[in-house]
>>> print(open('target-v3.csv').read())   # CSV, C-alpha atoms
chain,number,residue,atom,x,y,z
Z,1,MET,CA,3.6,-28.5,-64.7
Z,2,LEU,CA,1.9,-29.4,-61.5
Z,3,ALA,CA,1.9,-25.8,-60.4
Z,4,VAL,CA,0.2,-24.8,-63.7
Z,5,LEU,CA,-2.4,-27.5,-63.4
Z,6,SER,CA,-3.0,-26.4,-59.8
Z,7,GLY,CA,-3.5,-22.8,-60.9
Z,8,LEU,CA,-5.9,-23.8,-63.6
Z,9,GLY,CA,-7.7,-26.0,-61.0
Z,10,PHE,CA,-8.1,-23.1,-58.6
Z,11,VAL,CA,-9.7,-20.9,-61.3
Z,12,VAL,CA,-12.1,-23.7,-62.4
Z,13,THR,CA,-13.0,-24.7,-58.8
Z,14,LEU,CA,-13.7,-21.1,-57.8
Z,15,TYR,CA,-16.1,-20.9,-60.8
Z,16,LEU,CA,-17.7,-24.2,-60.0
Z,17,ALA,CA,-18.1,-23.4,-56.3
Z,18,PHE,CA,-19.6,-20.0,-56.7
Z,19,VAL,CA,-21.4,-20.2,-60.0
Z,20,TYR,CA,-22.2,-23.8,-60.9
Z,21,ALA,CA,-22.9,-25.3,-57.5
Z,22,PRO,CA,-26.4,-25.0,-56.2
Z,23,PHE,CA,-27.4,-23.0,-53.1
Z,24,GLU,CA,-27.4,-25.4,-50.1
Z,25,PRO,CA,-30.8,-24.9,-48.4
Z,26,VAL,CA,-29.7,-25.4,-44.8
Z,27,LEU,CA,-26.2,-23.8,-44.5
Z,28,LEU,CA,-27.0,-21.3,-47.3
Z,29,PHE,CA,-24.2,-19.2,-48.7
Z,30,ASN,CA,-21.8,-20.2,-45.9
Z,31,GLN,CA,-21.7,-23.7,-47.3
Z,32,LYS,CA,-19.4,-22.4,-50.0
Z,33,ILE,CA,-16.6,-22.6,-47.4
Z,34,PHE,CA,-17.1,-26.4,-47.5
Z,35,TYR,CA,-15.6,-26.7,-51.0
Z,36,TYR,CA,-12.2,-25.5,-49.8
Z,37,HIS,CA,-12.4,-26.4,-46.1
Z,38,VAL,CA,-12.9,-30.1,-46.5
Z,39,PRO,CA,-10.3,-30.7,-49.3
Z,40,HIS,CA,-7.8,-28.8,-47.1
Z,41,ALA,CA,-8.7,-31.3,-44.3
Z,42,PHE,CA,-8.2,-34.2,-46.7
Z,43,MET,CA,-4.8,-32.8,-47.7
Z,44,LEU,CA,-3.9,-32.4,-44.0
Z,45,PHE,CA,-4.6,-36.1,-43.6
Z,46,ALA,CA,-2.6,-37.0,-46.8
Z,47,ALA,CA,0.4,-34.9,-45.8
Z,48,THR,CA,0.4,-36.2,-42.2
Z,49,ALA,CA,0.1,-39.8,-43.5
Z,50,THR,CA,2.9,-39.2,-46.0
Z,51,CYS,CA,5.0,-37.8,-43.2
Z,52,GLY,CA,4.3,-40.7,-40.9
Z,53,VAL,CA,5.0,-43.4,-43.5
Z,54,CYS,CA,8.2,-41.7,-44.7
Z,55,SER,CA,9.3,-41.3,-41.1
Z,56,LEU,CA,8.7,-45.0,-40.5
Z,57,VAL,CA,10.7,-46.0,-43.5
Z,58,PHE,CA,13.4,-43.5,-42.5
Z,59,LEU,CA,13.6,-45.0,-39.0
Z,60,LYS,CA,14.1,-48.4,-40.6
Z,61,LYS,CA,16.4,-47.6,-43.5
Z,62,ARG,CA,18.0,-44.3,-42.4
Z,63,THR,CA,18.0,-43.1,-46.0
Z,64,PRO,CA,18.1,-39.2,-46.3
Z,65,LYS,CA,15.5,-39.0,-49.1
Z,66,TRP,CA,12.8,-40.5,-46.9
Z,67,ASP,CA,13.7,-37.9,-44.2
Z,68,ASP,CA,13.5,-35.1,-46.8
Z,69,LEU,CA,10.1,-36.3,-47.9
Z,70,ALA,CA,8.9,-36.6,-44.3
Z,71,LEU,CA,10.1,-33.0,-43.5
Z,72,ALA,CA,8.5,-31.6,-46.6
Z,73,SER,CA,5.2,-33.3,-45.9
Z,74,ALA,CA,5.2,-32.2,-42.3
Z,75,GLU,CA,5.6,-28.5,-43.2
Z,76,VAL,CA,2.9,-28.7,-45.9
Z,77,ALA,CA,0.7,-30.5,-43.3
Z,78,VAL,CA,1.2,-27.5,-40.9
Z,79,LEU,CA,0.1,-25.2,-43.7
Z,80,PHE,CA,-3.0,-27.2,-44.6
Z,81,GLY,CA,-3.8,-27.7,-40.9
Z,82,ALA,CA,-3.6,-24.0,-40.2
Z,83,ALA,CA,-6.0,-23.4,-43.2
Z,84,VAL,CA,-8.4,-26.0,-41.9
Z,85,LEU,CA,-8.5,-24.6,-38.4
Z,86,ILE,CA,-8.8,-20.9,-39.5
Z,87,SER,CA,-11.5,-21.6,-42.1
Z,88,GLY,CA,-13.3,-23.9,-39.7
Z,89,SER,CA,-13.3,-21.2,-37.0
Z,90,ILE,CA,-14.7,-18.7,-39.4
Z,91,TRP,CA,-17.4,-21.1,-40.5
Z,92,ALA,CA,-18.2,-21.8,-36.9
Z,93,LYS,CA,-18.6,-18.1,-36.3
Z,94,ALA,CA,-21.0,-17.8,-39.3
Z,95,ALA,CA,-23.0,-20.9,-38.4
Z,96,TRP,CA,-22.9,-21.2,-34.6
Z,97,ASP,CA,-22.0,-17.6,-33.7
Z,98,LEU,CA,-18.8,-18.6,-31.9
Z,99,TRP,CA,-15.2,-18.8,-33.0
Z,100,TRP,CA,-14.3,-22.0,-31.2
Z,101,THR,CA,-16.0,-24.9,-29.4
Z,102,TRP,CA,-14.3,-27.9,-27.8
Z,103,GLU,CA,-16.2,-30.2,-30.1
Z,104,LYS,CA,-14.6,-33.6,-30.7
Z,105,ARG,CA,-13.4,-33.2,-34.3
Z,106,LEU,CA,-12.2,-29.6,-33.8
Z,107,THR,CA,-10.2,-30.6,-30.6
Z,108,MET,CA,-8.6,-33.6,-32.3
Z,109,SER,CA,-7.7,-31.6,-35.4
Z,110,LEU,CA,-6.1,-29.0,-33.2
Z,111,LEU,CA,-4.1,-31.7,-31.3
Z,112,LEU,CA,-2.9,-33.2,-34.6
Z,113,TRP,CA,-1.8,-29.7,-35.8
Z,114,LEU,CA,0.1,-29.1,-32.6
Z,115,VAL,CA,1.9,-32.5,-33.0
Z,116,LEU,CA,2.9,-31.4,-36.5
Z,117,VAL,CA,4.1,-28.0,-35.2
Z,118,GLY,CA,6.0,-29.9,-32.6
Z,119,TYR,CA,7.6,-32.0,-35.4
Z,120,VAL,CA,8.8,-28.8,-37.2
Z,121,LEU,CA,10.1,-27.3,-33.9
Z,122,VAL,CA,12.0,-30.5,-33.0
Z,123,ARG,CA,13.6,-30.5,-36.5
Z,124,ARG,CA,14.7,-27.0,-36.0
Z,125,PHE,CA,15.9,-27.0,-32.4
Z,126,ALA,CA,16.6,-30.6,-31.3
Z,127,GLY,CA,20.2,-30.8,-32.6
Z,128,ALA,CA,21.9,-33.8,-34.1
Z,129,SER,CA,19.2,-36.5,-33.3
Z,130,ALA,CA,16.3,-34.2,-34.5
Z,131,ASP,CA,15.5,-36.3,-37.5
Z,132,ARG,CA,14.9,-39.5,-35.4
Z,133,LEU,CA,13.0,-37.8,-32.6
Z,134,ALA,CA,10.8,-36.0,-35.1
Z,135,ALA,CA,10.2,-39.3,-37.0
Z,136,GLY,CA,8.8,-40.9,-33.9
Z,137,LEU,CA,6.6,-37.9,-33.3
Z,138,ALA,CA,5.3,-38.1,-36.9
Z,139,VAL,CA,4.4,-41.8,-36.5
Z,140,PHE,CA,2.5,-40.9,-33.3
Z,141,GLY,CA,0.6,-38.1,-35.1
Z,142,THR,CA,-0.4,-40.2,-38.0
Z,143,LEU,CA,-2.2,-42.6,-35.6
Z,144,GLY,CA,-4.7,-39.8,-34.9
Z,145,ILE,CA,-6.0,-39.5,-38.4
Z,146,PRO,CA,-8.6,-42.4,-38.3
Z,147,PHE,CA,-10.0,-41.0,-35.0
Z,148,ILE,CA,-10.5,-37.6,-36.5
Z,149,TYR,CA,-12.2,-38.9,-39.6
Z,150,THR,CA,-14.6,-41.3,-37.9
Z,151,MET,CA,-15.2,-39.1,-34.9
Z,152,VAL,CA,-18.3,-37.2,-36.2
Z,153,ASP,CA,-21.5,-39.0,-35.4
Z,154,LYS,CA,-25.1,-38.2,-34.6
Z,155,SER,CA,-24.2,-36.9,-31.2
Z,156,ASP,CA,-21.8,-34.4,-32.7
Z,157,HIS,CA,-22.9,-31.0,-34.1
Z,158,HIS,CA,-20.1,-30.7,-36.7
Z,159,PRO,CA,-21.7,-30.2,-40.1
Z,160,GLN,CA,-22.0,-33.5,-42.0
Z,161,ALA,CA,-21.9,-33.5,-45.7
Z,162,GLY,CA,-24.2,-35.7,-47.8
Z,163,SER,CA,-27.1,-37.8,-46.7
Z,164,GLY,CA,-25.0,-40.5,-45.1
Z,165,GLY,CA,-23.0,-38.1,-43.0
Z,166,ASN,CA,-19.9,-38.2,-45.1
Z,167,VAL,CA,-18.8,-36.7,-48.4
Z,168,MET,CA,-19.0,-40.1,-50.2
Z,169,THR,CA,-22.8,-39.7,-50.3
Z,170,LEU,CA,-22.8,-36.3,-52.0
Z,171,THR,CA,-24.7,-36.3,-55.2
Z,172,GLY,CA,-25.3,-34.2,-58.3
Z,173,PRO,CA,-23.4,-30.9,-58.9
Z,174,MET,CA,-22.1,-30.7,-55.3
Z,175,LYS,CA,-20.3,-34.0,-55.8
Z,176,LEU,CA,-18.7,-32.8,-59.0
Z,177,VAL,CA,-17.6,-29.5,-57.5
Z,178,PHE,CA,-16.3,-31.1,-54.3
Z,179,TRP,CA,-14.2,-33.8,-56.0
Z,180,SER,CA,-12.8,-31.2,-58.5
Z,181,CYS,CA,-11.6,-29.3,-55.4
Z,182,VAL,CA,-10.1,-32.4,-53.9
Z,183,LEU,CA,-8.2,-33.1,-57.1
Z,184,THR,CA,-7.0,-29.5,-57.4
Z,185,PHE,CA,-5.8,-29.5,-53.8
Z,186,PHE,CA,-4.1,-32.9,-54.3
Z,187,LEU,CA,-2.1,-31.3,-57.2
Z,188,TRP,CA,-1.3,-28.3,-55.0
Z,189,PHE,CA,-0.2,-30.6,-52.2
Z,190,LEU,CA,2.2,-32.4,-54.6
Z,191,THR,CA,3.5,-29.1,-55.9
Z,192,LEU,CA,4.3,-27.8,-52.4
Z,193,VAL,CA,5.9,-31.1,-51.3
Z,194,MET,CA,8.1,-31.2,-54.4
Z,195,MET,CA,9.1,-27.5,-53.8
Z,196,ARG,CA,9.9,-28.2,-50.2
Z,197,VAL,CA,11.8,-31.4,-51.0
Z,198,GLN,CA,14.1,-29.4,-53.3
Z,199,SER,CA,14.7,-27.0,-50.5
Z,200,ALA,CA,15.5,-29.9,-48.1
Z,201,ARG,CA,18.0,-31.3,-50.6
Z,202,ALA,CA,19.6,-27.8,-50.8
Z,203,GLU,CA,19.8,-27.6,-47.0
Z,204,ARG,CA,21.5,-31.1,-47.0
Z,205,GLU,CA,23.9,-30.0,-49.7
Z,206,LEU,CA,24.7,-26.9,-47.7
Z,207,ARG,CA,25.4,-28.9,-44.6
Z,208,GLU,CA,27.8,-31.1,-46.5
Z,209,LEU,CA,29.6,-28.1,-48.0
Z,210,ARG,CA,30.0,-26.6,-44.6
Z,211,GLU,CA,31.5,-29.7,-43.3
Z,212,GLN,CA,34.0,-29.6,-46.2
Z,213,GLY,CA,34.7,-26.0,-45.5
Z,214,LEU,CA,35.4,-26.9,-41.8
Z,215,ASP,CA,37.7,-29.7,-42.9
Z,216,ALA,CA,39.5,-27.3,-45.3
Z,217,GLY,CA,39.8,-24.7,-42.6
Z,218,LEU,CA,37.7,-22.2,-44.5
Z,219,LEU,CA,35.0,-22.0,-41.8
Z,220,THR,CA,35.4,-21.8,-38.1
A,1,MET,CA,-39.5,-65.4,-82.3
A,2,ARG,CA,-39.5,-64.6,-86.0
A,3,VAL,CA,-43.3,-64.1,-85.8
A,4,ILE,CA,-42.8,-61.6,-83.0
A,5,ILE,CA,-40.1,-59.7,-84.9
A,6,ALA,CA,-42.2,-59.6,-88.1
A,7,LEU,CA,-45.2,-58.4,-86.2
A,8,TRP,CA,-43.0,-55.7,-84.5
A,9,ILE,CA,-41.6,-54.6,-87.9
A,10,ALA,CA,-45.1,-54.4,-89.3
A,11,LEU,CA,-46.7,-52.7,-86.4
A,12,VAL,CA,-44.1,-50.0,-85.6
A,13,PRO,CA,-44.6,-48.0,-88.8
A,14,MET,CA,-48.3,-48.3,-88.5
A,15,VAL,CA,-48.3,-46.9,-85.0
A,16,ALA,CA,-45.9,-44.2,-85.9
A,17,THR,CA,-47.9,-43.0,-89.0
A,18,ALA,CA,-51.1,-43.2,-86.9
A,19,GLN,CA,-49.7,-40.4,-84.7
A,20,PRO,CA,-49.1,-37.3,-86.8
A,21,GLY,CA,-47.4,-35.5,-83.9
A,22,SER,CA,-44.9,-38.2,-83.2
A,23,ALA,CA,-41.3,-38.1,-84.3
A,24,GLY,CA,-41.8,-41.1,-86.6
A,25,SER,CA,-44.6,-39.5,-88.6
A,26,ALA,CA,-44.0,-38.9,-92.3
A,27,ALA,CA,-46.3,-35.9,-92.6
A,28,PRO,CA,-45.1,-33.5,-95.3
A,29,ALA,CA,-44.1,-30.0,-94.4
A,30,ALA,CA,-47.0,-27.5,-93.9
A,31,GLY,CA,-45.7,-25.2,-96.5
A,32,SER,CA,-45.3,-27.7,-99.3
A,33,SER,CA,-47.7,-27.7,-102.2
A,34,ASP,CA,-48.7,-31.3,-101.9
A,35,ALA,CA,-49.5,-31.1,-98.2
A,36,PRO,CA,-53.1,-31.8,-97.5
A,37,GLN,CA,-54.8,-28.9,-96.0
A,38,ALA,CA,-56.4,-29.8,-92.7
A,39,VAL,CA,-60.0,-28.7,-92.4
A,40,MET,CA,-60.5,-27.1,-89.0
A,41,PRO,CA,-64.0,-26.8,-87.6
A,42,GLN,CA,-65.1,-23.3,-87.3
A,43,VAL,CA,-65.6,-22.4,-83.7
A,44,PRO,CA,-67.7,-19.3,-83.1
A,45,GLU,CA,-66.0,-16.4,-81.3
A,46,PRO,CA,-67.3,-16.1,-77.7
A,47,ALA,CA,-69.3,-13.0,-77.2
A,48,ALA,CA,-67.6,-10.3,-75.2
A,49,PRO,CA,-69.1,-9.9,-71.7
A,50,PRO,CA,-71.2,-6.8,-71.2
A,51,PRO,CA,-69.4,-4.0,-69.5
A,52,SER,CA,-70.2,-4.1,-65.8
A,53,ALA,CA,-70.5,-1.2,-63.6
A,54,ALA,CA,-67.5,-0.3,-61.3
A,55,PRO,CA,-68.1,-1.7,-57.7
A,56,SER,CA,-69.1,1.0,-55.3
A,57,ALA,CA,-67.0,1.9,-52.3
A,58,ALA,CA,-69.5,0.2,-50.0
A,59,ASP,CA,-69.1,-3.1,-52.0
A,60,LEU,CA,-65.3,-2.9,-51.8
A,61,ARG,CA,-65.4,-2.2,-48.1
A,62,LYS,CA,-67.7,-5.2,-47.6
A,63,THR,CA,-65.5,-7.4,-49.7
A,64,CYS,CA,-62.5,-6.3,-47.6
A,65,ALA,CA,-64.3,-6.8,-44.3
A,66,ASP,CA,-65.4,-10.3,-45.4
A,67,ALA,CA,-61.8,-11.2,-46.3
A,68,MET,CA,-60.5,-9.9,-43.0
A,69,ASN,CA,-63.2,-11.8,-41.0
A,70,ALA,CA,-62.4,-14.9,-42.9
A,71,ASP,CA,-58.6,-14.8,-42.4
A,72,PRO,CA,-57.4,-13.3,-39.1
A,73,THR,CA,-53.8,-13.2,-40.2
A,74,PHE,CA,-54.8,-11.1,-43.3
A,75,ALA,CA,-56.7,-8.8,-40.9
A,76,ASP,CA,-53.7,-8.4,-38.7
A,77,ALA,CA,-51.5,-7.6,-41.7
A,78,ILE,CA,-54.0,-5.0,-42.9
A,79,VAL,CA,-54.1,-3.3,-39.5
A,80,VAL,CA,-50.3,-3.2,-39.0
A,81,ALA,CA,-49.7,-2.0,-42.6
A,82,THR,CA,-52.2,0.7,-42.2
A,83,LEU,CA,-50.8,1.9,-38.9
A,84,ARG,CA,-47.3,1.8,-40.3
A,85,ASP,CA,-48.3,3.7,-43.4
A,86,ARG,CA,-50.0,6.4,-41.4
A,87,GLN,CA,-47.1,6.5,-38.9
A,88,TRP,CA,-49.5,6.5,-36.0
A,89,SER,CA,-47.9,6.6,-32.5
A,90,TRP,CA,-49.2,4.3,-29.8
A,91,GLU,CA,-50.1,7.3,-27.7
A,92,ARG,CA,-52.4,8.5,-30.4
A,93,ILE,CA,-54.0,5.1,-30.7
A,94,SER,CA,-54.5,5.0,-27.0
A,95,ALA,CA,-56.1,8.4,-27.1
A,96,VAL,CA,-58.5,7.3,-29.8
A,97,ASP,CA,-59.2,3.8,-28.5
A,98,PRO,CA,-57.7,2.9,-25.1
A,99,SER,CA,-59.2,-0.5,-25.0
A,100,GLY,CA,-57.8,-1.5,-28.4
A,101,ALA,CA,-54.4,-0.1,-27.9
A,102,SER,CA,-52.9,-3.1,-26.1
A,103,ALA,CA,-54.2,-5.5,-28.8
A,104,LEU,CA,-52.8,-3.3,-31.5
A,105,LEU,CA,-49.4,-3.1,-29.6
A,106,ALA,CA,-49.3,-7.0,-29.6
A,107,LEU,CA,-50.0,-7.0,-33.3
A,108,LYS,CA,-47.1,-4.5,-33.8
A,109,VAL,CA,-44.7,-6.7,-31.7
A,110,ASN,CA,-45.6,-9.7,-33.7
A,111,ALA,CA,-45.0,-7.9,-37.0
A,112,ASP,CA,-41.7,-6.5,-35.7
A,113,THR,CA,-40.6,-10.0,-34.6
A,114,LEU,CA,-41.5,-11.4,-37.9
A,115,ARG,CA,-39.7,-8.7,-39.8
A,116,GLN,CA,-36.6,-9.2,-37.6
A,117,HIS,CA,-36.7,-12.9,-38.4
A,118,GLU,CA,-36.9,-12.2,-42.1
A,119,GLN,CA,-34.0,-9.8,-41.9
A,120,ALA,CA,-31.9,-12.4,-39.9
A,121,ALA,CA,-32.7,-15.1,-42.5
A,122,ASN,CA,-31.8,-12.7,-45.3
A,123,ALA,CA,-28.5,-11.8,-43.6
A,124,ILE,CA,-27.6,-15.5,-43.2
A,125,ALA,CA,-28.6,-16.3,-46.7
A,126,LYS,CA,-26.5,-13.5,-48.2
A,127,ASN,CA,-23.7,-13.6,-45.6
A,128,GLU,CA,-20.7,-13.0,-47.8
A,129,LYS,CA,-18.4,-11.7,-45.0
A,130,HIS,CA,-17.4,-15.0,-43.5
A,131,VAL,CA,-17.1,-16.8,-46.9
A,132,VAL,CA,-14.8,-14.0,-48.1
A,133,LEU,CA,-12.8,-14.2,-44.9
A,134,ALA,CA,-12.4,-17.9,-45.1
A,135,TYR,CA,-11.3,-17.8,-48.8
A,136,ALA,CA,-8.9,-14.9,-48.0
A,137,ALA,CA,-7.4,-17.0,-45.2
A,138,PHE,CA,-6.8,-19.9,-47.7
A,139,TRP,CA,-5.0,-17.6,-50.2
A,140,VAL,CA,-3.0,-15.6,-47.7
A,141,LEU,CA,-1.7,-18.7,-46.0
A,142,ALA,CA,-0.8,-20.3,-49.4
A,143,ALA,CA,0.9,-17.1,-50.6
A,144,LEU,CA,2.9,-16.7,-47.4
A,145,PHE,CA,4.1,-20.3,-47.6
A,146,VAL,CA,5.1,-20.1,-51.2
A,147,VAL,CA,7.0,-16.8,-50.6
A,148,PHE,CA,8.7,-18.3,-47.6
A,149,LEU,CA,9.7,-21.4,-49.6
A,150,TRP,CA,11.0,-19.3,-52.5
A,151,ARG,CA,13.0,-16.9,-50.4
A,152,ARG,CA,14.6,-19.8,-48.4
A,153,GLN,CA,15.4,-21.6,-51.7
A,154,GLN,CA,17.0,-18.4,-53.1
A,155,GLY,CA,19.0,-17.9,-49.9
A,156,LEU,CA,20.2,-21.5,-49.9
A,157,LYS,CA,21.2,-21.3,-53.5
A,158,ALA,CA,23.3,-18.2,-52.9
A,159,GLU,CA,25.0,-19.7,-49.9
A,160,ILE,CA,25.8,-22.9,-51.7
A,161,ALA,CA,27.3,-21.0,-54.6
A,162,GLN,CA,29.4,-18.9,-52.3
A,163,LEU,CA,30.7,-21.9,-50.4
A,164,LYS,CA,31.5,-23.7,-53.6
A,165,ARG,CA,33.5,-20.8,-54.9
A,166,ASP,CA,35.4,-20.6,-51.6
A,167,LEU,CA,36.1,-24.3,-51.6
A,168,ASP,CA,37.3,-24.2,-55.2
A,169,ALA,CA,39.6,-21.2,-54.4
A,170,ALA,CA,41.0,-23.0,-51.4
A,171,SER,CA,41.7,-26.2,-53.4
A,172,LYS,CA,43.7,-24.2,-55.9
>>> encode(input="target-v3.csv", output="structure tokens")
Amino acid sequence: MLAVLSGLGFVVTLYLAFVYAPFEPVLLFNQKIFYYHVPHAFMLFAATATCGVCSLVFLKKRTPKWDDLALASAEVAVLFGAAVLISGSIWAKAAWDLWWTWEKRLTMSLLLWLVLVGYVLVRRFAGASADRLAAGLAVFGTLGIPFIYTMVDKSDHHPQAGSGGNVMTLTGPMKLVFWSCVLTFFLWFLTLVMMRVQSARAERELRELREQGLDAGLLT
Amino acid sequence: MRVIIALWIALVPMVATAQPGSAGSAAPAAGSSDAPQAVMPQVPEPAAPPPSAAPSAADLRKTCADAMNADPTFADAIVVATLRDRQWSWERISAVDPSGASALLALKVNADTLRQHEQAANAIAKNEKHVVLAYAAFWVLAALFVVFLWRRQQGLKAEIAQLKRDLDAASK
């Protein structure tokens, strides 16, 4: 159901972004990247925060379901982070004629993404205590979100949406299109997390079956 | 209060009927038989102006010269457009008028710069390449992630089913 709604949302938002939304006078056609780039960044924050909160609860309660949710959110956050960094880089090339600059928000976003990649690598290669090590890393990464969001100011040259420098001040058709995209990507985020949670549960079930197989002498 | 309401009720229809064009007017349809025919004052048709003689070439030249003298940018545009249309080379201009060649060259440089700026602005305004690249990146990443998840899920399901079968066989 969520996947179907997300699919419909993608069709509608593409129409809204390219047909309904007015032409932005300063950033011109390149501004169309904004409608997918910023919602991806929002979902990066949402996924990272979910991962951090679930990791914190897991560290306290040691319940596997929180760990599954944290792992699923972390992998989805890596996906959204990659999309934000790549689309942002393409936008930078179009607007500033360079692929990358060590501007504050870009640098912090890259660091957050690297922390999330670190989380996934720890989960894969750190052995028996990987879940607890990774949970600590997730909590650390979550603390970076407020800095990234509030980091853009007048001294920065990162594009600022709306008159007040943030998306809350968008008006008219742009506001409608932008928040439609945010809603669509939120549904997409939920879809992906649910898919990944199912996969994490299957992995857990497989581990338990292997232990049974070892006990039964079927596996060596 | 009642007086104000009574006055308002009495005045609104009066005001509305006093304005035939307003939405509240009760004027009958123009095509109906009992519609009063408005009497329009007869306005005489204005007399057609007498045909004037076509301006002579000298008049046109004078008009053009006056306009060029009045507006230097217009004059520059005329000169550059003329040179471009006739495809004159700067060597030829120098041969005809050595003193004016440098001034004309400056005009050409300005016109070329302006044209380049216009082309750059148009390129940015219609820059679809980067937008297409960015949206393609979104979709490719999402598709790769979904395929990766789906394949892993299928693999896990198959492995779980196999292990369950082996465990059931071992328990029997």
>>> interface_residues(input="target-v3.csv", of="chain Z", to="chain A", cutoff="9 Å", atoms="only C-alpha atoms", output="number ranges by chain")
Z: 27-33, 36-37, 40, 76, 79-80, 82-84, 86-91, 93-95, 192, 195-196, 198-199, 202-203, 205-206, 209-210, 212-213, 216, 218
>>> atom_distance(input="target-v3.csv", atom1="CA of Asp68 (chain Z)", atom2="CA of Val139 (chain Z)")
15.3 Å
>>> residues_around(input="target-v3.csv", residues="region 59-63 of chain Z", least_positions_apart="2", cutoff="10 Å", atoms="only C-alpha atoms", output="PyMOL selection string")
chain Z and resi 53-57+65-68+131-133+135-136
>>> write_last_selection(input="target-v3.csv", atoms="C-alpha atoms", output="mmCIF file, in the frame of the given file")
data_model
loop_
_atom_site.group_PDB
_atom_site.id
_atom_site.type_symbol
_atom_site.label_atom_id
_atom_site.label_comp_id
_atom_site.auth_asym_id
_atom_site.auth_seq_id
_atom_site.Cartn_x
_atom_site.Cartn_y
_atom_site.Cartn_z
ATOM 1 C CA VAL Z 53 5.000 -43.400 -43.500
ATOM 2 C CA CYS Z 54 8.200 -41.700 -44.700
ATOM 3 C CA SER Z 55 9.300 -41.300 -41.100
ATOM 4 C CA LEU Z 56 8.700 -45.000 -40.500
ATOM 5 C CA VAL Z 57 10.700 -46.000 -43.500
ATOM 6 C CA LYS Z 65 15.500 -39.000 -49.100
ATOM 7 C CA TRP Z 66 12.800 -40.500 -46.900
ATOM 8 C CA ASP Z 67 13.700 -37.900 -44.200
ATOM 9 C CA ASP Z 68 13.500 -35.100 -46.800
ATOM 10 C CA ASP Z 131 15.500 -36.300 -37.500
ATOM 11 C CA ARG Z 132 14.900 -39.500 -35.400
ATOM 12 C CA LEU Z 133 13.000 -37.800 -32.600
ATOM 13 C CA ALA Z 135 10.200 -39.300 -37.000
ATOM 14 C CA GLY Z 136 8.800 -40.900 -33.900
#
>>> atom_distance(input="target-v3.csv", atom1="CA of Ala126 (chain Z)", atom2="CA of Ala41 (chain Z)")
28.5 Å
>>> atom_distance(input="target-v3.csv", atom1="CA of Leu214 (chain Z)", atom2="CA of Gln162 (chain A)")
14.5 Å
>>> closest_residue(input="target-v3.csv", among="Z:Val197, Z:Glu208, Z:Val26, Z:Thr191", to="Leu69 (chain Z)", atoms="all atoms listed in the file")
Z:Val197
>>> residues_near_point(input="target-v3.csv", point="(-23.7, -27.7, -58.6)", cutoff="7 Å", atoms="all atoms listed in the file", output="list in words")
Tyr20, Ala21, Pro22, Gly172, Pro173, Met174 and Val177 of chain Z
>>> residues_around(input="target-v3.csv", residues="Met108 (chain Z)", least_positions_apart="2", cutoff="12 Å", atoms="all atoms listed in the file", output="PyMOL selection string")
chain Z and resi 81+85+101-106+110-115+141-152
>>> write_last_selection(input="target-v3.csv", atoms="C-alpha atoms", output="CSV table (one decimal), in the frame of the given file")
chain,number,residue,atom,x,y,z
Z,81,GLY,CA,-3.8,-27.7,-40.9
Z,85,LEU,CA,-8.5,-24.6,-38.4
Z,101,THR,CA,-16.0,-24.9,-29.4
Z,102,TRP,CA,-14.3,-27.9,-27.8
Z,103,GLU,CA,-16.2,-30.2,-30.1
Z,104,LYS,CA,-14.6,-33.6,-30.7
Z,105,ARG,CA,-13.4,-33.2,-34.3
Z,106,LEU,CA,-12.2,-29.6,-33.8
Z,110,LEU,CA,-6.1,-29.0,-33.2
Z,111,LEU,CA,-4.1,-31.7,-31.3
Z,112,LEU,CA,-2.9,-33.2,-34.6
Z,113,TRP,CA,-1.8,-29.7,-35.8
Z,114,LEU,CA,0.1,-29.1,-32.6
Z,115,VAL,CA,1.9,-32.5,-33.0
Z,141,GLY,CA,0.6,-38.1,-35.1
Z,142,THR,CA,-0.4,-40.2,-38.0
Z,143,LEU,CA,-2.2,-42.6,-35.6
Z,144,GLY,CA,-4.7,-39.8,-34.9
Z,145,ILE,CA,-6.0,-39.5,-38.4
Z,146,PRO,CA,-8.6,-42.4,-38.3
Z,147,PHE,CA,-10.0,-41.0,-35.0
Z,148,ILE,CA,-10.5,-37.6,-36.5
Z,149,TYR,CA,-12.2,-38.9,-39.6
Z,150,THR,CA,-14.6,-41.3,-37.9
Z,151,MET,CA,-15.2,-39.1,-34.9
Z,152,VAL,CA,-18.3,-37.2,-36.2
>>> closest_residue(input="target-v3.csv", among="Z:Ala74, Z:Ala200, Z:Phe18, Z:Pro25", to="Val122 (chain Z)", atoms="all atoms listed in the file")
Z:Ala74
>>> build_atoms(input="target-v3.csv", residues="region 195-199 of chain Z", atoms="N, CA and C atoms", output="PDB file, in the frame of the given file")
ATOM      1  N   MET Z 195       8.343 -28.754 -54.064  1.00  0.00           N
ATOM      2  CA  MET Z 195       9.100 -27.500 -53.800  1.00  0.00           C
ATOM      3  C   MET Z 195       9.921 -27.649 -52.521  1.00  0.00           C
ATOM      4  N   ARG Z 196       9.255 -28.155 -51.486  1.00  0.00           N
ATOM      5  CA  ARG Z 196       9.900 -28.200 -50.200  1.00  0.00           C
ATOM      6  C   ARG Z 196      11.002 -29.308 -50.164  1.00  0.00           C
ATOM      7  N   VAL Z 197      10.811 -30.389 -50.928  1.00  0.00           N
ATOM      8  CA  VAL Z 197      11.800 -31.400 -51.000  1.00  0.00           C
ATOM      9  C   VAL Z 197      13.099 -30.855 -51.651  1.00  0.00           C
ATOM     10  N   GLN Z 198      12.935 -30.033 -52.685  1.00  0.00           N
ATOM     11  CA  GLN Z 198      14.100 -29.400 -53.300  1.00  0.00           C
ATOM     12  C   GLN Z 198      14.833 -28.519 -52.293  1.00  0.00           C
ATOM     13  N   SER Z 199      14.058 -27.829 -51.483  1.00  0.00           N
ATOM     14  CA  SER Z 199      14.700 -27.000 -50.500  1.00  0.00           C
ATOM     15  C   SER Z 199      15.401 -27.830 -49.430  1.00  0.00           C
TER      16      SER Z 199
END
